[in-house]
2 protein chains.
Amino acid sequence: MKIAVGIDIGGTNTVWGFVSPSGEVIHKDSFPTSSCIKAIDFVDKMTVEIKYALAQNPNYEILGIGIGAPNGNYFKGTIEHPPNLSWKGITPIRDMFQDNFDLPVILTNDANAAALGEMQFGAAKGMKDFVVITLGTGLGSGFVANGSLLYGHDGFAGELGHTIIEPDGRQCGCGRKGCLETYVSASGIVKTAKLLLEQNNVDTSLKKYKEITSKVIAVCASEGDELSLKIFDMTAKKLGLSLANTVVINSPEAIILFGGLAKSGSLILEPTIRYFEEYCLNLFKKKVKILLSEVPEAHAAVLGSAALILKARNFYPFF
Amino acid sequence: MKIAVGIDIGGTNTVWGFVSPSGEVIHKDSFPTSSCIKAIDFVDKMTVEIKYALAQNPNYEILGIGIGAPNGNYFKGTIEHPPNLSWKGITPIRDMFQDNFDLPVILTNDANAAALGEMQFGAAKGMKDFVVITLGTGLGSGFVANGSLLYGHDGFAGELGHTIIEPDGRQCGCGRKGCLETYVSASGIVKTAKLLLEQNNVDTSLKKYKEITSKVIAVCASEGDELSLKIFDMTAKKLGLSLANTVVINSPEAIILFGGLAKSGSLILEPTIRYFEEYCLNLFKKKVKILLSEVPEAHAAVLGSAALILKARNFYPFF
């Protein structure tokens with residue numbers, strides 16, 4: 001049976017698995033990324049894990065290894081200066097895997113992998129022009145144009161989270177100020193909540209919680225807490241405007257929201273659509289669908305990374 | 001001799017001509033677009049003009065007709081609701097030409113045509129990922145990704161001039177407020193000048209002129225007038241930030257400035273580069289070239305439109 005290996009390297013956990021060409025996850029495992037202090041430890045560990053799982057399933061034939069990683073560069077196969085990993089500098093992770101496996105290895109950033117997953121197995125099936133926005137700790141994005149991922153000249157295209165929306169705004173991890181992801185992400189919405197809690201002497205159920213997280217805000221909002229609903233509204237307003245400013249550039253069929261904050265469902269979707277349409281240029285009004293991810297959540301990371309191989313195989317059947 | 005016809009439909013003038021595959025303009029003419037009240041008058045006039053010129057040069061063989069037009073839709077071959085033409089609604093201009101000529105006819109918006117012109121004959125030769133910004137009465141843009149123009153799902157991609165940079169800012173012709181082109185364009189820079197002239201009781205050589213135009217501001221700035229230099233600086237700051245916010249999406253090799261305001265040369269280029277680098281995400285700093293157009297100015301419109309045919313011919317040699 002032919003399979004693709006999907007590896008999603010996250011700041012917290014690495015999730016990996018075997019995926020059939022039809023999108024069935026037939027083996028899945030995970031471990032804390034930080035357990036591998038050096039990148040070479042990581043590659044060695046993954047090599048053993050893959051070969052061990054393969055030895056137990058000798059009828060599996062690996063087509064290739066797809067890797068989604070923060071700050072992953074598709075052209076060079078490198079991970080470059082990832083803010084949330086202990087591997088500093090530039091790591092040639094693709095070449096390191098290819099030293100151990102005589103197979104195609106494709107690496108890209110995690111949001112691009114999510115976009116491919118959505119195209120192969122989720123809400124973007126059959127679409128040729130769409131954007132996936134990953135709302136996790138930060139805000140990532142993957143742009144598909146004319147059926148292909150947009151990598152740009154040097155392989156780093158799709159960093160929508162780092163558009164500056166407030167020139168003297170919140171400090172961003174990138175060193176600049178006012179980036180979209182400092183407002184619209186799990187960490188951004190918590191910052192907004194903390195600012196409002198400081199400024200307003202209002203009655204809010206948020207005060208019941210010791211630690212404010214995006215989940216806490218979502219729970220309170222879903223219970224009708226006004227301040228929490230306002231926080232979602234403020235977040236959606238910034239996202240809606242940014243999306244309206246994005247569609248004039250690439251004219252997508254749909255924008256798909258993916259990841260932790262997107263799981264808040266209509267709490268984020270409904271006001272985002274409302275503000276998007278309010279800010280939208282006439283040429284695009286009511287034309288761009290804003291959808292929630294349809295990739296099964298538990299398998300999204302593995303499916304997206306494996307899609308790098310499965311999608312490539314559609315174009316290069318000699319794989 | 002094989003040639004392409006290039007037609008650039010402008011709000012003021014229509015410029016058209018015959019172009020050889022190597023980029024030589026071998027015939028060129030123009031007339032006021034407003035002389036054709038209806039689109040059918042325009043198509044009839046152009047048909048006569050082309051056939052007359054052809055009759056005088058019987059050795060010319062037309063490969064196809066390329067048309068650049070405001071609000072031109074590549075997929076549908078239509079001009080849709082152009083704000084500066086008297087042809088209201090949706091005009092199927094491609095089909096109208098094809099009724100008169102048994103030839104390939106390709107239409108796109110004027111900024112996309114400018115991008116193709118730059119790729120075939122100008123500053124973007126050999127590039128696969130770049131952006132052309134046309135700084136005329138408005139601000140247009142053409143995005144090339146992986147060697148192809150970005151049209152998006154419905155053929156209207158590349159409207160960077162309509163990103164909202166000030167949510168409650170200047171009124172835009174599109175009906176919304178605060179679009180980039182209300183600040184960064186020939187008309188935008190004049191608005192900035194008028195506002196500063198109202199607000200500041202400063203000594204400026206701008207006051208010598210009855211009518212403030214972008215050319216007047218450029219002349220005064222080049223003579224060292226402080227207010228005029230400040231106006232260019234304010235304009236470049238907004239453009240630099242917008243370009244920094246754009247490159248994170250598509251990671252281009254270069255951004256090429258084209259059109260009236262770009263002719264101000266270093267007055268606009270130098271501060272734009274400075275602000276762009278200041279606002280730029282680390283991943284892209286010092287990596288993206290900001291250049292002035294290198295398409296010969298007198299022929300730019302015709303070359304860009306003709307490039308629609310000549311570029312397509314590279315891919316479809318049966319043309």
# chains A, B, ... in the order shown; residues from 1 in each chain; ligands from 1
call {"tool": "residues_around", "arguments": {"residues": "segment 166-176 of chain B", "least_positions_apart": "2", "cutoff": "12 Å", "atoms": "only C-alpha atoms", "output": "VMD selection string"}}
result
(chain A and resid 165 to 167 237 to 238 240 to 242 244 to 245 275 277 to 284) or (chain B and resid 71 81 to 84 137 to 139 159 161 to 164 178 to 185 187 to 188 191 to 192 195 238 242)
call {"tool": "residues_around", "arguments": {"residues": "Ala39 of chain A", "least_positions_apart": "6", "cutoff": "9 Å", "atoms": "only C-alpha atoms", "output": "VMD selection string"}}
result
chain A and resid 86 to 87 91 93
call {"tool": "write_last_selection", "arguments": {"atoms": "N, CA, C and O atoms", "output": "CSV table (one decimal), in the first residue's frame"}}
result
chain,number,residue,atom,x,y,z
A,86,SER,N,13.9,25.5,19.6
A,86,SER,CA,15.3,25.7,20.2
A,86,SER,C,16.4,25.6,19.1
A,86,SER,O,17.5,25.8,19.4
A,87,TRP,N,16.0,25.2,17.9
A,87,TRP,CA,17.0,25.1,16.8
A,87,TRP,C,17.2,26.5,16.2
A,87,TRP,O,16.5,27.0,15.4
A,91,THR,N,18.4,25.6,9.6
A,91,THR,CA,18.6,24.2,9.6
A,91,THR,C,18.2,23.6,8.3
A,91,THR,O,17.0,23.7,7.9
A,93,ILE,N,16.8,21.0,7.0
A,93,ILE,CA,16.1,19.8,7.5
A,93,ILE,C,15.7,18.9,6.4
A,93,ILE,O,15.8,17.7,6.6
call {"tool": "residues_around", "arguments": {"residues": "Leu267 of chain A", "least_positions_apart": "6", "cutoff": "12 Å", "atoms": "only C-alpha atoms", "output": "PyMOL selection string"}}
result
chain A and resi 214-215+217-224+228-236+261+273-274+292
call {"tool": "interface_residues", "arguments": {"of": "chain B", "to": "chain A", "cutoff": "6 Å", "atoms": "only C-alpha atoms", "output": "PDB file with C-alpha atoms, in the first residue's frame"}}
result
ATOM      1  CA  ASP B 129       7.828  37.106  -9.104  1.00  0.00           C
ATOM      2  CA  GLY B 152      -7.484  35.268  -9.116  1.00  0.00           C
ATOM      3  CA  HIS B 153     -10.813  33.523  -9.098  1.00  0.00           C
ATOM      4  CA  ALA B 157      -6.813  40.430  -8.779  1.00  0.00           C
ATOM      5  CA  GLY B 158      -4.264  43.219  -8.304  1.00  0.00           C
ATOM      6  CA  GLU B 159      -6.283  46.167  -6.994  1.00  0.00           C
ATOM      7  CA  LEU B 160      -3.675  47.276  -4.441  1.00  0.00           C
ATOM      8  CA  THR B 163      -6.498  48.529   0.170  1.00  0.00           C
ATOM      9  CA  ASN B 245       2.629  44.880   3.892  1.00  0.00           C
ATOM     10  CA  VAL B 248       4.853  39.486   3.133  1.00  0.00           C
ATOM     11  CA  ILE B 249       2.001  38.097   1.035  1.00  0.00           C
ATOM     12  CA  ASN B 250       3.735  37.395  -2.277  1.00  0.00           C
ATOM     13  CA  SER B 251       7.481  37.637  -1.588  1.00  0.00           C
ATOM     14  CA  PRO B 252       8.444  39.304  -4.875  1.00  0.00           C
ATOM     15  CA  GLU B 253      11.934  39.783  -6.293  1.00  0.00           C
TER      16      GLU B 253
END
call {"tool": "select_by_dssp", "arguments": {"residues": "segment 8-98 of chain B", "states": "strand (DSSP E)", "output": "ChimeraX atom specification"}}
result
/B:8-9,13-19,25-32,61-69,72-73,78-80,90-91
call {"tool": "select_by_dssp", "arguments": {"residues": "segment 118-254 of chain B", "states": "helix (DSSP H, G or I)", "output": "MDAnalysis selection string"}}
result
chainID B and resid 118:121 160:162 180:182 186:199 205:208 214:222 226:250
call {"tool": "residues_around", "arguments": {"residues": "Leu257 of chain B", "least_positions_apart": "6", "cutoff": "12 Å", "atoms": "only C-alpha atoms", "output": "ChimeraX atom specification"}}
result
/B:111,114-115,118,122-124,130-136,139-142,184-185,236,239-240,243,263-266,268-270,272-273,289-295
call {"tool": "residues_around", "arguments": {"residues": "Gly126 of chain A", "least_positions_apart": "6", "cutoff": "9 Å", "atoms": "only C-alpha atoms", "output": "list in words"}}
result
Met119, Gln120 and Gly147 of chain A
call {"tool": "atom_distance", "arguments": {"atom1": "atom CA of Thr108 of chain A", "atom2": "atom CA of Gly68 of chain A"}}
result
5.2 Å
call {"tool": "residues_around", "arguments": {"residues": "segment 17-27 of chain A", "least_positions_apart": "4", "cutoff": "9 Å", "atoms": "only C-alpha atoms", "output": "ChimeraX atom specification"}}
result
/A:1-7,50,53,62,120-121,299,302-303,306-307,310
call {"tool": "residues_around", "arguments": {"residues": "Leu308 of chain A", "least_positions_apart": "2", "cutoff": "7 Å", "atoms": "only C-alpha atoms", "output": "compact mmCIF listing (two decimals) with N, CA and C atoms, in the first residue's frame"}}
result
# COMPACT_ATOMS: atom_id res chain seq x y z
N GLY A 66 6.49 14.61 3.70
CA GLY A 66 6.11 16.03 3.69
C GLY A 66 6.26 16.61 5.07
N ILE A 106 9.67 17.02 0.97
CA ILE A 106 9.23 18.39 0.66
C ILE A 106 8.90 19.09 1.96
N ALA A 113 1.20 24.16 4.44
CA ALA A 113 0.78 22.75 4.54
C ALA A 113 -0.71 22.68 4.85
N LEU A 116 -2.66 23.20 1.69
CA LEU A 116 -2.71 22.01 0.83
C LEU A 116 -3.66 20.97 1.40
N GLY A 304 -2.14 17.82 6.30
CA GLY A 304 -1.58 18.96 5.57
C GLY A 304 -0.16 18.67 5.11
N SER A 305 0.66 18.13 6.00
CA SER A 305 2.05 17.85 5.64
C SER A 305 2.12 16.74 4.59
N ALA A 306 1.29 15.70 4.78
CA ALA A 306 1.30 14.60 3.80
C ALA A 306 0.82 15.09 2.44
N LEU A 310 1.33 14.19 -1.60
CA LEU A 310 0.22 13.67 -2.41
C LEU A 310 -0.16 14.65 -3.51
N LYS A 311 -0.08 15.97 -3.21
CA LYS A 311 -0.38 17.00 -4.21
C LYS A 311 0.70 16.99 -5.29
N ALA A 312 1.96 16.90 -4.85
CA ALA A 312 3.06 16.90 -5.81
C ALA A 312 2.92 15.70 -6.75
